[in-house]
Amino acid sequence: MEALFVDEGFGTLDEDTLDEVMNVLDGLREGGRIVGIVSHVTELRQRVPAQVHVHKGRRGSHLSVTAG
């Protein structure tokens, strides 16, 4: 498996568990895998350097990309 996208449950994790999960996901990424995270958790934004933000607007959605 070359890519993994995770979209569930980060908001329910305590700080220590979130840190453990991010360490595992970082390890997968460092091993050459693509890891995508879908989340609204602020702490994740600080730890994930490359981000795609979806902004909802009256005329539809648009994207902004932060490369890291």
# chains A, B, ... in the order shown; residues from 1 in each chain; ligands from 1
>>> residues_around(residues="Thr12 (chain A)", least_positions_apart="5", cutoff="10 Å", atoms="only C-alpha atoms", output="list in words")
Thr17, Leu18 and Val41 of chain A
>>> residues_around(residues="region 21-38 of chain A", least_positions_apart="2", cutoff="6 Å", atoms="only C-alpha atoms", output="ChimeraX atom specification")
/A:2-7,18-19
>>> residues_around(residues="His40 (chain A)", least_positions_apart="5", cutoff="10 Å", atoms="only C-alpha atoms", output="ChimeraX atom specification")
/A:7,10-11,45
>>> write_last_selection(atoms="all heavy atoms", output="CSV table (one decimal), in the first residue's frame")
chain,number,residue,atom,x,y,z
A,7,ASP,N,-9.5,9.8,7.9
A,7,ASP,CA,-10.5,10.8,8.1
A,7,ASP,C,-11.5,10.4,9.2
A,7,ASP,O,-12.6,10.1,9.0
A,7,ASP,CB,-11.3,11.0,6.8
A,7,ASP,CG,-12.5,12.0,6.9
A,7,ASP,OD1,-12.4,12.8,7.9
A,7,ASP,OD2,-13.3,12.0,6.1
A,10,PHE,N,-9.7,12.2,15.1
A,10,PHE,CA,-8.6,12.9,15.8
A,10,PHE,C,-9.1,13.8,16.9
A,10,PHE,O,-8.4,14.1,17.8
A,10,PHE,CB,-7.8,13.7,14.7
A,10,PHE,CG,-7.1,12.9,13.8
A,10,PHE,CD1,-7.5,12.7,12.5
A,10,PHE,CD2,-5.9,12.3,14.2
A,10,PHE,CE1,-6.8,11.9,11.6
A,10,PHE,CE2,-5.1,11.5,13.3
A,10,PHE,CZ,-5.6,11.3,12.0
A,11,GLY,N,-10.3,14.4,16.7
A,11,GLY,CA,-10.8,15.3,17.7
A,11,GLY,C,-11.1,14.7,19.1
A,11,GLY,O,-11.3,15.3,20.1
A,45,ARG,N,-2.6,20.8,12.4
A,45,ARG,CA,-2.2,21.8,11.5
A,45,ARG,C,-0.7,22.3,11.8
A,45,ARG,O,0.0,22.6,10.9
A,45,ARG,CB,-3.1,23.1,11.5
A,45,ARG,CG,-4.4,22.8,10.8
A,45,ARG,CD,-5.1,24.1,10.7
A,45,ARG,NE,-6.5,23.8,11.0
A,45,ARG,CZ,-7.4,24.5,11.6
A,45,ARG,NH1,-7.0,25.7,12.1
A,45,ARG,NH2,-8.6,24.2,11.8
>>> select_by_dssp(residues="chain A", states="strand (DSSP E)", output="JSON, numbers by chain")
{"A": [3, 4, 5, 6, 34, 35, 36, 37, 51, 52, 53, 54, 55, 56, 57, 60, 61, 62, 63, 64, 65, 66]}
>>> atom_distance(atom1="CA of Ala50 (chain A)", atom2="CA of Thr66 (chain A)")
5.4 Å
>>> select_by_dssp(residues="chain A", states="helix (DSSP H, G or I)", output="count of residues only")
25
